[in-house]
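Below: one structure, written as structure tokens.
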Amino acid sequence: MTTTSLAPAVSTLTIGVRRGGIELLQFMRDKTSLIFTFFFPAMLLLLFGAIFTDSYDLPGLSAAQVFTSSMIAYGVISTSFITMGVGIATDREDGTLKRLRGTPVTATAYFLGKLILVAALTAGEVVVLLAVGVLVFDMPLPSEAGRWVTFAWLFVLSVTSCGLLGIAASALVRNSRTAGAVLNVPVVALQFLSGVFIHPITQLPDWMITFASVFPVKWMAQGFRSVFLPDAATTFEAGGAWEHGRIALVLGAWCVVGLVLCLTTFRWTSRRD
Amino acid sequence: MTAINVRGLRKTYGSHHAVDGLDLDVEVGEVFALLGPNGAGKTTTVEILEGHRRRTSGEVTVLGLDPGHADRHWRARIGIVLQSTSDAADLTVHEIVRHIGGCYPNPRGAAEVIDLVGLTDKSKAKVRTLSGGQRRRLDVALGIVGRPEIVFLDEPTTGFDPEARRQFWHLIRRLSAEGSTILLTTHYLDEAEALADRLAVIADGAIVAEGTPATLGGRATAEAVVSWSGGHREHAADPVALIMRLVAEGADLTGLTVTRPTLEDTYLALIGEAR
Ligand SMILES: Nc1ncnc2c1ncn2[C@@H]1O[C@H](COP(=O)(O)OP(=O)(O)OP(=O)(O)O)[C@@H](O)[C@H]1O
Ligand SMILES: [Mg+2]
């Protein structure tokens, strides 16, 4: 018996990574959410691409590139934020959280597992969307390494900020059945306000752009456009430039806000026990 | 050494006192059973001891620590079987047992624990396909996979078939022999009698009686009922003396029975008094 207290605790990192594995396994076995998560943004992209076929009078810029970058932003948000929020509400309801609460699993290890899940799902999502863009709409993929570096840090910051905000938002959700609907409200509103579906964003009223600039969505969409669109397309941006520094700053700030929120608002159980 | 120490525990929900001044001591290595009617406050008490619920007032220590401020090292030393669960539906029995075991410093092997609860042939089955009793056995497996020093079991054998129940009793005795402290709640008095070193009856959030299965509520010293042919029945504090007298009187003693109150009789009497 005494050996229990003598053996060193399993590290939070180890448990977090194992949680990530188990989360992925569970997600893969839930066919409905799998299909919805992966194919809904792909379907939207197919529809948008089929409806808006006109090109811009800018050499090397096609509507397909614009919509693919926008849909990637959309896909990243819905996969990281919504999947996270709904997933935690479900875990709270079916007793997964209570089970873990009674073991040495820490909140950090649990969050880490969830972040691994949403990062993997989001990466898969991006691959599906790029495949649609390239195969269906003949979108050229960027060849410069620099653009893929931008893509990499943008991806990490986006998934982290949206994931952490999803954890925080799960505290507002009463039950898992309504979670999807509740969480989609800010997401869909912000996507319109941030010009994800409307290009160029400069068509939006100034106040709207100013408002949207406070939130991560506008900067994510702008960032993904900077990866996949030619530099000349900066003329369509609100700031007339890709503004990488500002994108990193805003997303980084939201990561911090998300972390603080999720550490202060996270609840293991739903009832006021 | 006490494993669990509770003084003046209170828990209120609104104006309702779910636990109302409860005292409890459980020694290390003891098997302790909590009995009591539905809504008596058993689950509330046990979940406060597990660190799942906050208490309104009172003092609680489990393994020397306040469960309300416990850390992961303390959690590694306790095992929990909740009253009802519905998690991990998409995983197999082996997957979830191995995963939960992997969170503890010195776990039992997954296959070993699954075998201990008699689920070996369901090892590869999805949790959602398990029957009620099988699901319950899985909960027990998950509660003991981390080699806990204290195991809390809230109505662990609900839905067990008679054979599984016996197997479970055997498991509890084995855990106890290995030095674990066991706190369990149950509505089965035969189970409490078979397993518990000591037991307590809770009614309306407070303990109304406490003792060993043999002595609870004055059971050992309660009057026995002696009955014999011809429909004769007599209460006697000392049945042996009565029988000697009857023999001396030459009474017809075919069909002689001597019954002490069962644990169930004692329990029902205690609950009746508390009402
Ligand atoms: N979260 C809660 N909110 C409000 N009331 C509660 C809550 N949990 C328990 N109660 C109340 O506290 C009382 C004790 O409940 P508890 O679950 O501890 O009983 P129990 O002894 O475990 O009963 P059972 O044998 O049915 O499992 C009940 O009256 C119950 O309604
Ligand atoms: Mg109960």
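In the structure tokens, each chain is lettered A, B, ... as it comes, each chain's residues begin at 1, and ligands are numbered from 1 in order of appearance.
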
What are the closest atom pairs, with distances in Å to one decimal, for all residues of chain B lying within 12 Å of ligand 1? Consider only C-alpha atoms and all ligand atoms, order rows by chain and residue number, and present the result as JSON lines.
```
{"residue": "B:Arg10", "atom": "CA", "partner": "ligand 1", "partner_atom_place_in_ligand_line": "12 (O)", "distance": 11.1}
{"residue": "B:Lys11", "atom": "CA", "partner": "ligand 1", "partner_atom_place_in_ligand_line": "12 (O)", "distance": 8.4}
{"residue": "B:Thr12", "atom": "CA", "partner": "ligand 1", "partner_atom_place_in_ligand_line": "12 (O)", "distance": 7.8}
{"residue": "B:Tyr13", "atom": "CA", "partner": "ligand 1", "partner_atom_place_in_ligand_line": "4 (C)", "distance": 4.9}
{"residue": "B:Gly14", "atom": "CA", "partner": "ligand 1", "partner_atom_place_in_ligand_line": "4 (C)", "distance": 7.4}
{"residue": "B:Ser15", "atom": "CA", "partner": "ligand 1", "partner_atom_place_in_ligand_line": "5 (N)", "distance": 9.6}
{"residue": "B:His16", "atom": "CA", "partner": "ligand 1", "partner_atom_place_in_ligand_line": "12 (O)", "distance": 7.2}
{"residue": "B:His17", "atom": "CA", "partner": "ligand 1", "partner_atom_place_in_ligand_line": "12 (O)", "distance": 7.0}
{"residue": "B:Ala18", "atom": "CA", "partner": "ligand 1", "partner_atom_place_in_ligand_line": "12 (O)", "distance": 4.0}
{"residue": "B:Val19", "atom": "CA", "partner": "ligand 1", "partner_atom_place_in_ligand_line": "14 (C)", "distance": 7.0}
{"residue": "B:Asp20", "atom": "CA", "partner": "ligand 1", "partner_atom_place_in_ligand_line": "14 (C)", "distance": 10.2}
{"residue": "B:Leu34", "atom": "CA", "partner": "ligand 1", "partner_atom_place_in_ligand_line": "21 (O)", "distance": 9.0}
{"residue": "B:Leu35", "atom": "CA", "partner": "ligand 1", "partner_atom_place_in_ligand_line": "21 (O)", "distance": 8.1}
{"residue": "B:Gly36", "atom": "CA", "partner": "ligand 1", "partner_atom_place_in_ligand_line": "21 (O)", "distance": 6.2}
{"residue": "B:Pro37", "atom": "CA", "partner": "ligand 1", "partner_atom_place_in_ligand_line": "25 (O)", "distance": 5.5}
{"residue": "B:Asn38", "atom": "CA", "partner": "ligand 1", "partner_atom_place_in_ligand_line": "26 (O)", "distance": 3.4}
{"residue": "B:Gly39", "atom": "CA", "partner": "ligand 1", "partner_atom_place_in_ligand_line": "19 (O)", "distance": 3.4}
{"residue": "B:Ala40", "atom": "CA", "partner": "ligand 1", "partner_atom_place_in_ligand_line": "21 (O)", "distance": 3.8}
{"residue": "B:Gly41", "atom": "CA", "partner": "ligand 1", "partner_atom_place_in_ligand_line": "18 (O)", "distance": 3.2}
{"residue": "B:Lys42", "atom": "CA", "partner": "ligand 1", "partner_atom_place_in_ligand_line": "21 (O)", "distance": 3.6}
{"residue": "B:Thr43", "atom": "CA", "partner": "ligand 1", "partner_atom_place_in_ligand_line": "22 (O)", "distance": 3.5}
{"residue": "B:Thr44", "atom": "CA", "partner": "ligand 1", "partner_atom_place_in_ligand_line": "18 (O)", "distance": 3.6}
{"residue": "B:Thr45", "atom": "CA", "partner": "ligand 1", "partner_atom_place_in_ligand_line": "18 (O)", "distance": 6.3}
{"residue": "B:Val46", "atom": "CA", "partner": "ligand 1", "partner_atom_place_in_ligand_line": "18 (O)", "distance": 7.9}
{"residue": "B:Glu47", "atom": "CA", "partner": "ligand 1", "partner_atom_place_in_ligand_line": "18 (O)", "distance": 8.4}
{"residue": "B:Ile48", "atom": "CA", "partner": "ligand 1", "partner_atom_place_in_ligand_line": "18 (O)", "distance": 9.8}
{"residue": "B:His52", "atom": "CA", "partner": "ligand 1", "partner_atom_place_in_ligand_line": "1 (N)", "distance": 11.1}
{"residue": "B:Arg53", "atom": "CA", "partner": "ligand 1", "partner_atom_place_in_ligand_line": "1 (N)", "distance": 8.9}
{"residue": "B:Arg54", "atom": "CA", "partner": "ligand 1", "partner_atom_place_in_ligand_line": "1 (N)", "distance": 10.6}
{"residue": "B:Arg55", "atom": "CA", "partner": "ligand 1", "partner_atom_place_in_ligand_line": "8 (N)", "distance": 11.6}
{"residue": "B:Leu82", "atom": "CA", "partner": "ligand 1", "partner_atom_place_in_ligand_line": "27 (O)", "distance": 10.3}
{"residue": "B:Gln83", "atom": "CA", "partner": "ligand 1", "partner_atom_place_in_ligand_line": "27 (O)", "distance": 7.1}
{"residue": "B:Ser84", "atom": "CA", "partner": "ligand 1", "partner_atom_place_in_ligand_line": "27 (O)", "distance": 9.6}
{"residue": "B:Leu153", "atom": "CA", "partner": "ligand 1", "partner_atom_place_in_ligand_line": "22 (O)", "distance": 11.4}
{"residue": "B:Asp154", "atom": "CA", "partner": "ligand 1", "partner_atom_place_in_ligand_line": "22 (O)", "distance": 7.8}
{"residue": "B:Glu155", "atom": "CA", "partner": "ligand 1", "partner_atom_place_in_ligand_line": "27 (O)", "distance": 7.6}
{"residue": "B:Pro156", "atom": "CA", "partner": "ligand 1", "partner_atom_place_in_ligand_line": "27 (O)", "distance": 11.1}
{"residue": "B:Thr158", "atom": "CA", "partner": "ligand 1", "partner_atom_place_in_ligand_line": "27 (O)", "distance": 10.7}
{"residue": "B:Leu184", "atom": "CA", "partner": "ligand 1", "partner_atom_place_in_ligand_line": "22 (O)", "distance": 11.2}
{"residue": "B:Thr185", "atom": "CA", "partner": "ligand 1", "partner_atom_place_in_ligand_line": "22 (O)", "distance": 8.2}
{"residue": "B:Thr186", "atom": "CA", "partner": "ligand 1", "partner_atom_place_in_ligand_line": "25 (O)", "distance": 7.8}
{"residue": "B:His187", "atom": "CA", "partner": "ligand 1", "partner_atom_place_in_ligand_line": "25 (O)", "distance": 7.2}
{"residue": "B:Tyr188", "atom": "CA", "partner": "ligand 1", "partner_atom_place_in_ligand_line": "25 (O)", "distance": 11.0}
{"residue": "B:Val201", "atom": "CA", "partner": "ligand 1", "partner_atom_place_in_ligand_line": "21 (O)", "distance": 10.2}
{"residue": "B:Ile202", "atom": "CA", "partner": "ligand 1", "partner_atom_place_in_ligand_line": "21 (O)", "distance": 7.7}
{"residue": "B:Ala203", "atom": "CA", "partner": "ligand 1", "partner_atom_place_in_ligand_line": "21 (O)", "distance": 8.1}
{"residue": "B:Asp204", "atom": "CA", "partner": "ligand 1", "partner_atom_place_in_ligand_line": "14 (C)", "distance": 7.8}
{"residue": "B:Gly205", "atom": "CA", "partner": "ligand 1", "partner_atom_place_in_ligand_line": "14 (C)", "distance": 7.2}
{"residue": "B:Ala206", "atom": "CA", "partner": "ligand 1", "partner_atom_place_in_ligand_line": "21 (O)", "distance": 10.6}
{"residue": "B:Ile207", "atom": "CA", "partner": "ligand 1", "partner_atom_place_in_ligand_line": "21 (O)", "distance": 11.6}
```

- [ ] Select all residues from chain A having any atom no more than 8 Å from an atom of chain B (counting only C-alpha atoms, ignoring ligands), output as an MDAnalysis selection string.
- [x] chainID A and resid 1 3:5 7:10 15 18 22 25:26 29:30 91 94:96 98:99 101:106 273

Would you kindly return, as a CSV table (one decimal) with C-alpha atoms, in the first residue's frame, each protein, DNA or RNA residue with an atom no farther than 12 Å from any atom of segment 182-186 of chain A, considering only C-alpha atoms and excluding same-chain residues fewer than 3 positions away?
```csv
chain,number,residue,atom,x,y,z
A,74,TYR,CA,-14.0,29.6,-40.5
A,77,ILE,CA,-12.8,28.8,-35.5
A,78,SER,CA,-15.5,26.2,-35.6
A,79,THR,CA,-13.2,23.3,-35.0
A,80,SER,CA,-11.3,24.8,-32.1
A,81,PHE,CA,-13.9,27.0,-30.5
A,82,ILE,CA,-17.1,25.1,-31.0
A,83,THR,CA,-15.7,21.6,-30.7
A,84,MET,CA,-14.0,22.7,-27.5
A,85,GLY,CA,-17.0,24.3,-26.0
A,86,VAL,CA,-19.4,21.5,-26.9
A,87,GLY,CA,-16.9,18.8,-25.9
A,89,ALA,CA,-20.2,20.7,-21.9
A,162,CYS,CA,-9.9,29.8,-30.0
A,165,LEU,CA,-11.8,30.8,-25.4
A,166,GLY,CA,-13.9,27.6,-26.1
A,167,ILE,CA,-12.9,26.3,-22.7
A,168,ALA,CA,-13.9,29.6,-21.1
A,169,ALA,CA,-17.2,29.8,-23.1
A,170,SER,CA,-18.1,26.3,-21.9
A,171,ALA,CA,-18.7,27.8,-18.4
A,172,LEU,CA,-21.6,29.7,-19.9
A,173,VAL,CA,-23.2,26.7,-21.5
A,174,ARG,CA,-25.9,25.0,-19.4
A,175,ASN,CA,-26.1,21.7,-21.3
A,176,SER,CA,-24.6,19.9,-24.2
A,177,ARG,CA,-27.7,19.8,-26.3
A,178,THR,CA,-27.9,23.6,-26.6
A,179,ALA,CA,-24.1,24.1,-26.5
A,189,ALA,CA,-22.0,37.1,-35.9
A,190,LEU,CA,-18.3,37.7,-35.7
A,191,GLN,CA,-17.6,36.1,-39.0
A,192,PHE,CA,-20.0,38.4,-40.8
A,193,LEU,CA,-18.6,41.4,-38.8
A,194,SER,CA,-15.1,40.4,-39.6
A,212,ALA,CA,-14.4,43.4,-35.3
A,215,PHE,CA,-11.7,40.1,-31.7
A,216,PRO,CA,-9.5,37.3,-33.1
A,217,VAL,CA,-11.7,36.4,-36.1
```

Open item on the list: Give me, as a PyMOL selection string, all polymer residues having an atom no more than 8 Å from Ala141 of chain B, counting only C-alpha atoms and skipping those fewer than 5 positions away in the same chain.
Closed with: chain B and resi 97+113-114+116-117

TODO: Write out as a PyMOL selection string all residues of segment 16-121 of chain A that DSSP puts in alpha helix (DSSP H) for this structure's backbone.
DONE: chain A and resi 16-29+31-51+63-77+83-94+96-101+107-121

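Across the structure, atom CA of Leu44 of chain A and atom CA of Met71 of chain A are spaced 7.8 Å apart.
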
Task: Two-atom distance - atom CA of Gly8 of chain B, atom CA of Leu22 of chain B (Å) - done: 5.1 Å

Task: Coordinates-based distance that separates atom CA of Ile172 of chain B from atom CA of Thr2 of chain B (Å, one decimal) - done: 19.3 Å

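Using only C-alpha atoms, the smallest distance between any of A:Ala181, A:Leu121, A:Ala152, A:Leu129 and Leu34 of chain A comes from A:Leu121.
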